[in-house]
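Novice: What follows is a structure written as structure tokens; I'll ask about it next.
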Amino acid sequence: MPINLLVRFSSLWCPPEFGFLPVPSWLRYNPEKPFHFGLGMNIAFGLGATFTVSNLYYCQPILGDIAHAFGVDESTVANIPTLIQAGYCAGLLLITPLGDLVQRRQLILLLMLLSGSLTIGLAITKNLIVFEALNFLVGVFTVVPQVLVPLAAELAPPDRKAGAVAIVWSALMMGILIGRVLSGIITNFVTFRAVLLGAYLIIPNYPSANRNGQLTYFKILWTMAKLAVTEPLLIVSSLSLLLSNACFTAFWVTLTFLLLDAPFQYSTLVIGLFGLLGLFGVALGPFVGRAIDKVYPWYAALFSLIALLLFQTVLVIGAGLNLAPIIIAIIGLDLFRQTLQVSLLTGVFLINPSARARLNAVIAVSLFLGQVMGTSAGSEVFLKFGWRACYGLSLAWTGLQVLSLLTRGPHTPHHVWFGYEGGWAFWKSPPTPAAKEESTAQDPVEEKVVSRPESV
């Protein structure tokens, strides 16, 4: 009996984080009593994503104030948003894959602490070069949402994974809108200390996927690069999401040009309020995620792309003629772009459950590249050829996504490039209680590849 008690105690004992910080007892991993990832924890993950990703966008509406504070013209500080985004891209490539190597709780807490501390530096520095360098570093460490997304997919029960991802993803999009629309207002009420404390009290201490010590940092970078060029499902999904984000960014970047010109001629204040329409699509995201959980992801992705084709067509026909097509498109593009992302990401995570952080990093980099592509190409085409050519380009990009998705069927194994093997089943079978228990209790450290996922 004493030996059994000792074994049980050792399994429940959790070493202090960073050598001194105790882990709250209710957040310690216990294989005999797995974490219950309920709606409350899911929403908490979402709030963490909202308040951290906002760091990437706070500076955009206040560049004029920044220039005035440092006594320079606006052209001198115009590169600051680019520096933040460059840092974010570096963080996606070099930091988010660590989710497969170290404990996610400690990684998230450290990233939040570094990001918040650097934000304090931004507030007190009087040197523009230091300010620019700190903005780059803020971007590097503001990748917490891309650590939370795969963790949510791992903790959620089998029949709620898409819904869990959708909540975090919707919150991430909400953070982007908040950062752009409200700028620094939110920081007057929610400090990084509050967000950090919330993360400390809520995020469970889930074991690392590397408890057997087989992975190293350079190995996860190598396997991430290998996955990006050898996994057909990942490649198709990455291409589709790259083009989807390019369409989305091209629309929002050129919307200002469109609404400033005739026949609208709105002020910049009125144009800024159009961003709030995107909240409607974002708010519906979690409900869409629950619907995706009931069908195979390929069908949800196909339905989303067909809807996006329709809304892009509405833009091509009437965006420059009437306000109604623009409002309809804003709501539809936001909603179905998010549906597409959640459905594709849900399928990608099934490729290798123990490599979710690396798979998510590839997807996140694709989204970032799509944003760059949409900003550049969208602006260039709009200014040279007009609004109809710009939205026609987005329509063509959406059509290319449909073609890439149709190269593979709803149940084609993830390692097969072309084909429709596996049947056409539409609805997922509800997981049995035994399957749920096995999924929740399984040891997360084993490196295993799913040979036939419920794929896109």
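Letters for chains follow the order of the structure tokens (A, B, ...), residue numbers begin at 1 for each chain, and ligand numbers begin at 1 in the order shown.
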Can you pull out every residue within 8 Å of Phe280 in chain A, counting only C-alpha atoms, but drop anything in the same chain fewer than 3 positions away, and send it as a PyMOL selection string?
Specialist: chain A and resi 276-277+283-284+331+335
Novice: Kindly save the residues from that selection, with N, CA and C atoms included, as a short mmCIF file (atom, residue, chain, number, x, y, z; two decimals), in the first residue's frame.
Specialist:
data_model
loop_
_atom_site.label_atom_id
_atom_site.label_comp_id
_atom_site.auth_asym_id
_atom_site.auth_seq_id
_atom_site.Cartn_x
_atom_site.Cartn_y
_atom_site.Cartn_z
N LEU A 276 -16.64 47.09 -38.65
CA LEU A 276 -17.50 46.50 -37.63
C LEU A 276 -18.49 45.50 -38.21
N LEU A 277 -18.78 45.62 -39.52
CA LEU A 277 -19.68 44.65 -40.14
C LEU A 277 -19.08 43.26 -40.12
N ALA A 283 -18.81 36.51 -35.28
CA ALA A 283 -19.66 36.03 -34.19
C ALA A 283 -20.33 34.71 -34.53
N LEU A 284 -20.57 34.46 -35.80
CA LEU A 284 -21.21 33.21 -36.21
C LEU A 284 -20.22 32.05 -36.29
N ILE A 331 -20.15 40.61 -44.97
CA ILE A 331 -20.67 39.59 -44.05
C ILE A 331 -20.36 38.19 -44.58
N LEU A 335 -17.67 35.35 -42.97
CA LEU A 335 -18.23 34.12 -42.43
C LEU A 335 -17.67 32.88 -43.12
#
Novice: Give me the residues within 10 Å of Ile317 in chain A as a list in words, counting only C-alpha atoms and dropping any in the same chain fewer than 4 places off.
Specialist: Phe311, Gln312, Thr313, Leu321, Asn322, Pro325, Arg388, Tyr391 and Gly392 of chain A
Novice: Could the residues in this selection be written to a file with C-alpha atoms, as a tab-separated table (two decimals), in the first residue's frame?
Specialist:
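Output file again.tsv follows:
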chain	number	residue	atom	x	y	z
A	311	PHE	CA	-20.02	36.56	-52.85
A	312	GLN	CA	-16.99	37.35	-55.01
A	313	THR	CA	-19.31	37.38	-58.03
A	321	LEU	CA	-22.18	50.82	-58.25
A	322	ASN	CA	-24.12	50.36	-55.03
A	325	PRO	CA	-23.26	44.41	-52.67
A	388	ARG	CA	-13.87	45.17	-61.20
A	391	TYR	CA	-12.39	41.61	-57.50
A	392	GLY	CA	-12.24	39.56	-60.70
Novice: Quick one: residues within 6 Å of range 159-173 of chain A, only C-alpha atoms, excluding same-chain residues fewer than 3 positions away - as a PyMOL selection string?
Specialist: chain A and resi 46+49-50+149+153+156+176+282+285-286+289-290+293+342+346
Novice: Any chance you could export the current selection's N, CA and C atoms as an mmCIF file, in the first residue's frame?
Specialist:
data_model
loop_
_atom_site.group_PDB
_atom_site.id
_atom_site.type_symbol
_atom_site.label_atom_id
_atom_site.label_comp_id
_atom_site.auth_asym_id
_atom_site.auth_seq_id
_atom_site.Cartn_x
_atom_site.Cartn_y
_atom_site.Cartn_z
ATOM 1 N N GLY A 46 -10.002 31.592 -26.195
ATOM 2 C CA GLY A 46 -10.341 32.611 -27.181
ATOM 3 C C GLY A 46 -9.984 34.010 -26.720
ATOM 4 N N ALA A 49 -6.389 34.611 -27.124
ATOM 5 C CA ALA A 49 -6.056 34.897 -28.520
ATOM 6 C C ALA A 49 -6.419 36.332 -28.887
ATOM 7 N N THR A 50 -7.573 36.795 -28.417
ATOM 8 C CA THR A 50 -8.033 38.151 -28.746
ATOM 9 C C THR A 50 -7.061 39.205 -28.255
ATOM 10 N N VAL A 149 -4.367 27.405 -30.739
ATOM 11 C CA VAL A 149 -5.245 26.710 -31.691
ATOM 12 C C VAL A 149 -4.991 25.204 -31.698
ATOM 13 N N ALA A 153 -7.412 22.032 -30.186
ATOM 14 C CA ALA A 153 -7.776 20.850 -30.971
ATOM 15 C C ALA A 153 -7.372 19.569 -30.262
ATOM 16 N N ALA A 156 -9.837 19.168 -26.925
ATOM 17 C CA ALA A 156 -11.279 19.029 -27.160
ATOM 18 C C ALA A 156 -11.657 17.585 -27.424
ATOM 19 N N ILE A 176 -8.040 40.992 -34.162
ATOM 20 C CA ILE A 176 -7.562 41.802 -35.283
ATOM 21 C C ILE A 176 -8.466 43.016 -35.477
ATOM 22 N N VAL A 282 -17.728 37.020 -37.806
ATOM 23 C CA VAL A 282 -16.873 36.445 -36.763
ATOM 24 C C VAL A 282 -17.719 35.835 -35.651
ATOM 25 N N GLY A 285 -18.925 32.353 -36.215
ATOM 26 C CA GLY A 285 -17.896 31.327 -36.372
ATOM 27 C C GLY A 285 -18.051 30.122 -35.458
ATOM 28 N N PRO A 286 -18.247 30.308 -34.139
ATOM 29 C CA PRO A 286 -18.383 29.142 -33.249
ATOM 30 C C PRO A 286 -19.555 28.241 -33.604
ATOM 31 N N GLY A 289 -18.564 26.198 -36.479
ATOM 32 C CA GLY A 289 -17.657 25.133 -36.049
ATOM 33 C C GLY A 289 -18.398 23.911 -35.540
ATOM 34 N N ARG A 290 -19.483 24.125 -34.810
ATOM 35 C CA ARG A 290 -20.274 22.991 -34.329
ATOM 36 C C ARG A 290 -20.897 22.229 -35.492
ATOM 37 N N ASP A 293 -18.353 19.957 -37.140
ATOM 38 C CA ASP A 293 -18.089 18.734 -36.380
ATOM 39 C C ASP A 293 -19.002 17.582 -36.793
ATOM 40 N N VAL A 342 -11.499 26.820 -40.703
ATOM 41 C CA VAL A 342 -11.721 25.839 -39.637
ATOM 42 C C VAL A 342 -11.843 24.437 -40.212
ATOM 43 N N THR A 346 -9.131 21.542 -39.405
ATOM 44 C CA THR A 346 -9.581 20.329 -38.721
ATOM 45 C C THR A 346 -9.077 19.087 -39.438
#
Novice: Within 10 Å of range 421-423 of chain A, counting only C-alpha atoms, which residues show up once you throw out same-chain ones fewer than 3 positions away? Write them as a compact mmCIF listing (two decimals) with N, CA and C atoms, in the first residue's frame, please.
Specialist:
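Writing done, so here's around-v6.txt:
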# COMPACT_ATOMS: atom_id res chain seq x y z
N ARG A 408 -8.84 15.90 -54.78
CA ARG A 408 -8.89 14.83 -53.79
C ARG A 408 -10.31 14.72 -53.25
N GLY A 409 -10.72 13.51 -52.92
CA GLY A 409 -12.07 13.28 -52.42
C GLY A 409 -12.18 13.47 -50.93
N PRO A 410 -13.39 13.33 -50.39
CA PRO A 410 -13.62 13.57 -48.96
C PRO A 410 -12.94 12.57 -48.04
N HIS A 411 -12.60 11.38 -48.55
CA HIS A 411 -12.01 10.36 -47.70
C HIS A 411 -10.68 9.84 -48.26
N THR A 412 -10.08 10.59 -49.16
CA THR A 412 -8.79 10.19 -49.71
C THR A 412 -7.74 10.24 -48.62
N PRO A 413 -6.92 9.19 -48.45
CA PRO A 413 -5.87 9.21 -47.43
C PRO A 413 -4.95 10.42 -47.61
N VAL A 416 -2.11 10.58 -50.31
CA VAL A 416 -2.43 10.37 -51.72
C VAL A 416 -2.65 11.73 -52.40
N PHE A 418 -3.82 12.42 -55.70
CA PHE A 418 -5.04 12.55 -56.50
C PHE A 418 -5.91 11.33 -56.29
N PHE A 426 -21.09 11.47 -45.98
CA PHE A 426 -21.22 12.90 -45.69
C PHE A 426 -21.21 13.18 -44.19
N ARG A 452 -5.44 6.98 -42.36
CA ARG A 452 -6.59 7.41 -43.15
C ARG A 452 -7.45 8.33 -42.31
Novice: So which residues touch Leu395 in chain A within 10 Å, counting only C-alpha atoms, skipping near sequence neighbours fewer than 3 positions away, as a PyMOL selection string?
Specialist: chain A and resi 247+308-316+389-392+398-401
Novice: Rounded to one decimal place, report the CA of Asp73 in chain A-CA of Thr375 in chain A distance in Å.
Specialist: 23.4 Å
Novice: Give me, as a short mmCIF file (atom, residue, chain, number, x, y, z; two decimals) with C-alpha atoms, in the first residue's frame, all polymer residues having an atom no more than 12 Å from Leu221 in chain A, counting only C-alpha atoms and skipping those fewer than 4 positions away in the same chain.
Specialist:
data_model
loop_
_atom_site.label_atom_id
_atom_site.label_comp_id
_atom_site.auth_asym_id
_atom_site.auth_seq_id
_atom_site.Cartn_x
_atom_site.Cartn_y
_atom_site.Cartn_z
CA LEU A 92 5.46 31.59 -36.73
CA LEU A 93 8.45 29.84 -38.27
CA LEU A 94 10.76 29.63 -35.26
CA ILE A 95 8.58 29.64 -32.12
CA THR A 96 5.18 28.05 -32.79
CA PRO A 97 6.70 24.63 -33.72
CA LEU A 98 7.99 24.51 -30.13
CA GLY A 99 4.46 23.44 -29.19
CA ASP A 100 5.50 19.91 -30.23
CA LEU A 101 8.71 20.08 -28.19
CA LEU A 215 12.58 15.43 -30.75
CA THR A 216 15.01 18.34 -30.87
CA TYR A 217 14.47 21.91 -32.02
CA ALA A 225 9.73 21.65 -43.77
CA LYS A 226 9.35 18.01 -44.84
CA LEU A 227 5.62 18.01 -44.06
CA ALA A 228 5.19 21.19 -46.10
CA ALA A 355 2.70 17.19 -34.86
CA ALA A 357 2.03 22.59 -33.75
CA ARG A 358 4.20 22.01 -36.82
CA LEU A 359 1.19 21.49 -39.07
CA ALA A 361 2.82 26.58 -38.27
CA VAL A 362 2.78 25.65 -41.97
#
Novice: Determine the nearest neighbour of Leu243 in chain A from the options A:Lys33, A:His414, A:Arg337, A:Arg356, counting only C-alpha atoms.
Specialist: A:Arg337
Novice: What lies within 12 Å of Thr82 in chain A using only C-alpha atoms, ignoring chain neighbours under 4 positions off, as number ranges by chain?
Specialist: A: 56-57, 59-60, 77-78, 86-89, 132-133, 135-136, 139, 371-372, 375
Novice: Let's have the selection written as a PDB file, in the first residue's frame, with N, CA and C atoms.
Specialist:
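Ended up saving to result_21.pdb:
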ATOM      1  N   LEU A  56      -0.518  43.169 -32.707  1.00  0.00           N
ATOM      2  CA  LEU A  56      -0.008  43.312 -34.069  1.00  0.00           C
ATOM      3  C   LEU A  56      -0.635  44.497 -34.798  1.00  0.00           C
ATOM      4  N   TYR A  57      -1.734  45.025 -34.274  1.00  0.00           N
ATOM      5  CA  TYR A  57      -2.499  46.007 -35.049  1.00  0.00           C
ATOM      6  C   TYR A  57      -2.751  47.318 -34.318  1.00  0.00           C
ATOM      7  N   CYS A  59      -0.797  49.719 -33.602  1.00  0.00           N
ATOM      8  CA  CYS A  59      -0.076  50.884 -34.112  1.00  0.00           C
ATOM      9  C   CYS A  59      -0.663  51.432 -35.409  1.00  0.00           C
ATOM     10  N   GLN A  60      -1.404  50.618 -36.160  1.00  0.00           N
ATOM     11  CA  GLN A  60      -1.817  51.025 -37.504  1.00  0.00           C
ATOM     12  C   GLN A  60      -2.656  52.301 -37.533  1.00  0.00           C
ATOM     13  N   VAL A  77       7.784  56.631 -40.030  1.00  0.00           N
ATOM     14  CA  VAL A  77       7.255  55.561 -39.174  1.00  0.00           C
ATOM     15  C   VAL A  77       6.353  54.596 -39.944  1.00  0.00           C
ATOM     16  N   ALA A  78       6.230  54.796 -41.252  1.00  0.00           N
ATOM     17  CA  ALA A  78       5.317  53.961 -42.042  1.00  0.00           C
ATOM     18  C   ALA A  78       5.749  52.507 -42.092  1.00  0.00           C
ATOM     19  N   ALA A  86       6.770  41.364 -39.906  1.00  0.00           N
ATOM     20  CA  ALA A  86       7.975  40.568 -40.165  1.00  0.00           C
ATOM     21  C   ALA A  86       8.372  39.775 -38.925  1.00  0.00           C
ATOM     22  N   GLY A  87       8.277  40.409 -37.757  1.00  0.00           N
ATOM     23  CA  GLY A  87       8.554  39.701 -36.517  1.00  0.00           C
ATOM     24  C   GLY A  87       7.568  38.576 -36.284  1.00  0.00           C
ATOM     25  N   TYR A  88       6.304  38.822 -36.600  1.00  0.00           N
ATOM     26  CA  TYR A  88       5.269  37.794 -36.448  1.00  0.00           C
ATOM     27  C   TYR A  88       5.569  36.591 -37.335  1.00  0.00           C
ATOM     28  N   CYS A  89       5.989  36.844 -38.565  1.00  0.00           N
ATOM     29  CA  CYS A  89       6.340  35.746 -39.474  1.00  0.00           C
ATOM     30  C   CYS A  89       7.508  34.937 -38.921  1.00  0.00           C
ATOM     31  N   GLU A 132      11.371  50.877 -32.970  1.00  0.00           N
ATOM     32  CA  GLU A 132      11.194  49.989 -34.120  1.00  0.00           C
ATOM     33  C   GLU A 132      11.673  48.577 -33.802  1.00  0.00           C
ATOM     34  N   ALA A 133      12.818  48.478 -33.111  1.00  0.00           N
ATOM     35  CA  ALA A 133      13.340  47.158 -32.747  1.00  0.00           C
ATOM     36  C   ALA A 133      12.388  46.431 -31.802  1.00  0.00           C
ATOM     37  N   ASN A 135       9.173  46.839 -31.634  1.00  0.00           N
ATOM     38  CA  ASN A 135       8.001  46.416 -32.400  1.00  0.00           C
ATOM     39  C   ASN A 135       8.259  45.105 -33.128  1.00  0.00           C
ATOM     40  N   PHE A 136       9.452  44.949 -33.667  1.00  0.00           N
ATOM     41  CA  PHE A 136       9.796  43.682 -34.323  1.00  0.00           C
ATOM     42  C   PHE A 136       9.732  42.536 -33.315  1.00  0.00           C
ATOM     43  N   GLY A 139       6.267  41.506 -32.366  1.00  0.00           N
ATOM     44  CA  GLY A 139       5.719  40.624 -33.389  1.00  0.00           C
ATOM     45  C   GLY A 139       6.203  39.194 -33.240  1.00  0.00           C
ATOM     46  N   GLN A 371      -1.681  37.038 -47.011  1.00  0.00           N
ATOM     47  CA  GLN A 371      -1.934  38.428 -46.641  1.00  0.00           C
ATOM     48  C   GLN A 371      -1.008  39.368 -47.398  1.00  0.00           C
ATOM     49  N   VAL A 372       0.275  39.001 -47.482  1.00  0.00           N
ATOM     50  CA  VAL A 372       1.243  39.823 -48.219  1.00  0.00           C
ATOM     51  C   VAL A 372       0.871  39.880 -49.698  1.00  0.00           C
ATOM     52  N   THR A 375      -2.321  42.033 -50.285  1.00  0.00           N
ATOM     53  CA  THR A 375      -2.056  43.461 -50.119  1.00  0.00           C
ATOM     54  C   THR A 375      -1.368  44.033 -51.349  1.00  0.00           C
TER      55      THR A 375
END
Novice: Find the distance between CA of Gly374 in chain A and CA of Gly386 in chain A and write it in Å to one decimal.
Specialist: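 CA of Gly386 in chain A lies 15.2 Å from CA of Gly374 in chain A.
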Novice: Please determine, counting only C-alpha atoms, which residue among A:Met41, A:Ile271, A:Leu233, A:Leu110 has the shortest atom-to-atom distance to Gly419 in chain A.
Specialist: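 Of A:Met41, A:Ile271, A:Leu233, A:Leu110, the one nearest Gly419 in chain A, counting only C-alpha atoms, is A:Leu233.
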Novice: Can you pull out every residue from range 110-310 of chain A that DSSP, working from the backbone, puts in alpha helix (DSSP H), and format the result as a ChimeraX atom specification?
Specialist: /A:110-124,128-141,144-155,161-181,192-202,217-230,232-260,268-273,278-292,297-310
Novice: Generate the output file for the selected residues, C-alpha atoms, as a short mmCIF file (atom, residue, chain, number, x, y, z; two decimals), in the first residue's frame.
Specialist:
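Saved result, selection27.cif, follows:
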data_model
loop_
_atom_site.label_atom_id
_atom_site.label_comp_id
_atom_site.auth_asym_id
_atom_site.auth_seq_id
_atom_site.Cartn_x
_atom_site.Cartn_y
_atom_site.Cartn_z
CA LEU A 110 6.62 32.92 -21.31
CA LEU A 111 5.44 34.38 -24.62
CA MET A 112 2.79 36.47 -22.88
CA LEU A 113 5.32 37.74 -20.34
CA LEU A 114 7.84 38.70 -23.03
CA SER A 115 5.24 40.33 -25.26
CA GLY A 116 3.75 42.32 -22.38
CA SER A 117 7.14 43.42 -21.08
CA LEU A 118 8.17 44.61 -24.53
CA THR A 119 4.92 46.57 -24.80
CA ILE A 120 5.92 48.46 -21.66
CA GLY A 121 9.20 49.24 -23.39
CA LEU A 122 7.27 50.70 -26.33
CA ALA A 123 5.44 53.03 -23.96
CA ILE A 124 8.53 54.45 -22.26
CA LEU A 128 12.76 55.75 -32.56
CA ILE A 129 15.27 53.03 -33.48
CA VAL A 130 14.67 51.27 -30.15
CA PHE A 131 10.93 51.68 -30.72
CA GLU A 132 11.19 49.99 -34.12
CA ALA A 133 13.34 47.16 -32.75
CA LEU A 134 10.88 46.56 -29.91
CA ASN A 135 8.00 46.42 -32.40
CA PHE A 136 9.80 43.68 -34.32
CA LEU A 137 10.30 41.69 -31.10
CA VAL A 138 6.66 42.21 -30.08
CA GLY A 139 5.72 40.62 -33.39
CA VAL A 140 8.05 37.68 -32.75
CA PHE A 141 6.47 36.86 -29.39
CA VAL A 144 0.27 32.85 -28.58
CA PRO A 145 -2.92 32.33 -30.64
CA GLN A 146 -1.05 29.95 -32.96
CA VAL A 147 -0.02 27.92 -29.91
CA LEU A 148 -3.55 27.94 -28.49
CA VAL A 149 -5.24 26.71 -31.69
CA PRO A 150 -3.54 23.27 -31.87
CA LEU A 151 -3.76 22.92 -28.08
CA ALA A 152 -7.52 23.48 -28.23
CA ALA A 153 -7.78 20.85 -30.97
CA GLU A 154 -5.81 18.43 -28.79
CA LEU A 155 -7.81 18.98 -25.60
CA LYS A 161 -12.71 19.65 -32.22
CA ALA A 162 -13.90 21.89 -35.08
CA GLY A 163 -16.09 23.84 -32.67
CA ALA A 164 -13.16 24.36 -30.29
CA VAL A 165 -10.89 25.55 -33.10
CA ALA A 166 -13.66 27.83 -34.42
CA ILE A 167 -14.04 29.60 -31.06
CA VAL A 168 -10.31 30.32 -30.78
CA TRP A 169 -10.12 31.32 -34.44
CA SER A 170 -13.13 33.64 -34.13
CA ALA A 171 -11.52 35.25 -31.11
CA LEU A 172 -8.31 35.70 -33.08
CA MET A 173 -10.23 37.50 -35.83
CA MET A 174 -12.00 39.56 -33.17
CA GLY A 175 -8.60 40.60 -31.83
CA ILE A 176 -7.56 41.80 -35.28
CA LEU A 177 -10.72 43.91 -35.58
CA ILE A 178 -10.35 45.24 -32.05
CA GLY A 179 -6.72 46.14 -32.63
CA ARG A 180 -7.55 48.03 -35.82
CA VAL A 181 -10.82 49.68 -34.80
CA PHE A 192 -1.08 42.38 -20.12
CA ARG A 193 -0.79 41.50 -16.41
CA ALA A 194 -4.49 40.60 -16.30
CA VAL A 195 -4.16 38.45 -19.41
CA LEU A 196 -1.05 36.76 -18.02
CA LEU A 197 -2.76 36.05 -14.69
CA GLY A 198 -5.76 34.61 -16.50
CA ALA A 199 -3.50 32.31 -18.51
CA TYR A 200 -1.74 31.18 -15.32
CA LEU A 201 -5.05 30.25 -13.67
CA ILE A 202 -6.74 28.62 -16.68
CA TYR A 217 14.47 21.91 -32.02
CA PHE A 218 16.26 21.38 -35.31
CA LYS A 219 14.38 18.13 -35.87
CA ILE A 220 10.99 19.80 -35.53
CA LEU A 221 12.08 22.51 -38.00
CA TRP A 222 13.25 19.82 -40.43
CA THR A 223 10.08 17.74 -40.09
CA MET A 224 7.96 20.87 -40.49
CA ALA A 225 9.73 21.65 -43.77
CA LYS A 226 9.35 18.01 -44.84
CA LEU A 227 5.62 18.01 -44.06
CA ALA A 228 5.19 21.19 -46.10
CA VAL A 229 6.41 19.51 -49.31
CA THR A 230 5.45 15.84 -48.89
CA PRO A 232 -0.69 16.31 -50.23
CA LEU A 233 -3.51 17.18 -47.83
CA LEU A 234 -1.38 19.82 -46.11
CA ILE A 235 -0.20 21.27 -49.43
CA VAL A 236 -3.72 21.54 -50.87
CA SER A 237 -5.02 23.10 -47.64
CA SER A 238 -2.10 25.54 -47.42
CA LEU A 239 -2.58 26.64 -51.04
CA SER A 240 -6.29 27.14 -50.52
CA LEU A 241 -5.82 29.15 -47.33
CA LEU A 242 -3.06 31.24 -48.92
CA LEU A 243 -5.38 32.22 -51.77
CA SER A 244 -8.32 32.69 -49.40
CA ASN A 245 -6.38 35.13 -47.25
CA ALA A 246 -5.12 36.90 -50.38
CA CYS A 247 -8.75 37.45 -51.48
CA PHE A 248 -9.76 38.63 -48.02
CA THR A 249 -6.84 41.04 -47.66
CA ALA A 250 -7.17 42.39 -51.21
CA PHE A 251 -10.81 43.24 -50.50
CA TRP A 252 -10.17 45.07 -47.24
CA VAL A 253 -7.08 46.92 -48.49
CA THR A 254 -8.87 48.23 -51.58
CA LEU A 255 -12.19 48.94 -49.85
CA THR A 256 -10.83 52.30 -48.68
CA PHE A 257 -9.97 53.30 -52.25
CA LEU A 258 -13.41 52.20 -53.44
CA LEU A 259 -15.38 54.09 -50.79
CA LEU A 260 -13.31 57.28 -51.08
CA THR A 268 -12.28 57.88 -43.46
CA LEU A 269 -14.32 57.78 -40.23
CA VAL A 270 -17.31 56.24 -42.01
CA ILE A 271 -15.06 53.85 -43.93
CA GLY A 272 -13.53 52.65 -40.66
CA LEU A 273 -16.97 51.69 -39.37
CA GLY A 278 -17.07 41.91 -40.07
CA LEU A 279 -18.00 41.24 -36.44
CA PHE A 280 -21.21 39.60 -37.61
CA GLY A 281 -19.38 36.93 -39.57
CA VAL A 282 -16.87 36.45 -36.76
CA ALA A 283 -19.66 36.03 -34.19
CA LEU A 284 -21.21 33.21 -36.21
CA GLY A 285 -17.90 31.33 -36.37
CA PRO A 286 -18.38 29.14 -33.25
CA PHE A 287 -21.82 28.01 -34.43
CA VAL A 288 -20.37 27.13 -37.82
CA GLY A 289 -17.66 25.13 -36.05
CA ARG A 290 -20.27 22.99 -34.33
CA ALA A 291 -21.87 22.29 -37.71
CA ILE A 292 -18.48 21.30 -39.17
CA PRO A 297 -14.32 18.57 -43.39
CA TRP A 298 -14.04 18.21 -47.19
CA TYR A 299 -17.75 18.91 -47.63
CA ALA A 300 -17.65 21.94 -45.34
CA ALA A 301 -14.68 23.30 -47.29
CA LEU A 302 -16.41 22.75 -50.65
CA PHE A 303 -19.60 24.44 -49.45
CA SER A 304 -17.56 27.39 -48.14
CA LEU A 305 -15.74 27.81 -51.45
CA ILE A 306 -18.98 27.74 -53.44
CA ALA A 307 -20.40 30.43 -51.14
CA LEU A 308 -17.21 32.49 -51.50
CA LEU A 309 -17.50 32.22 -55.29
CA LEU A 310 -21.02 33.64 -55.09
#
Novice: Give me, please, the distance in Å between CA of Leu393 in chain A and CA of Leu83 in chain A, quoted to one decimal.
Specialist: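 A separation of 27.8 Å between them.
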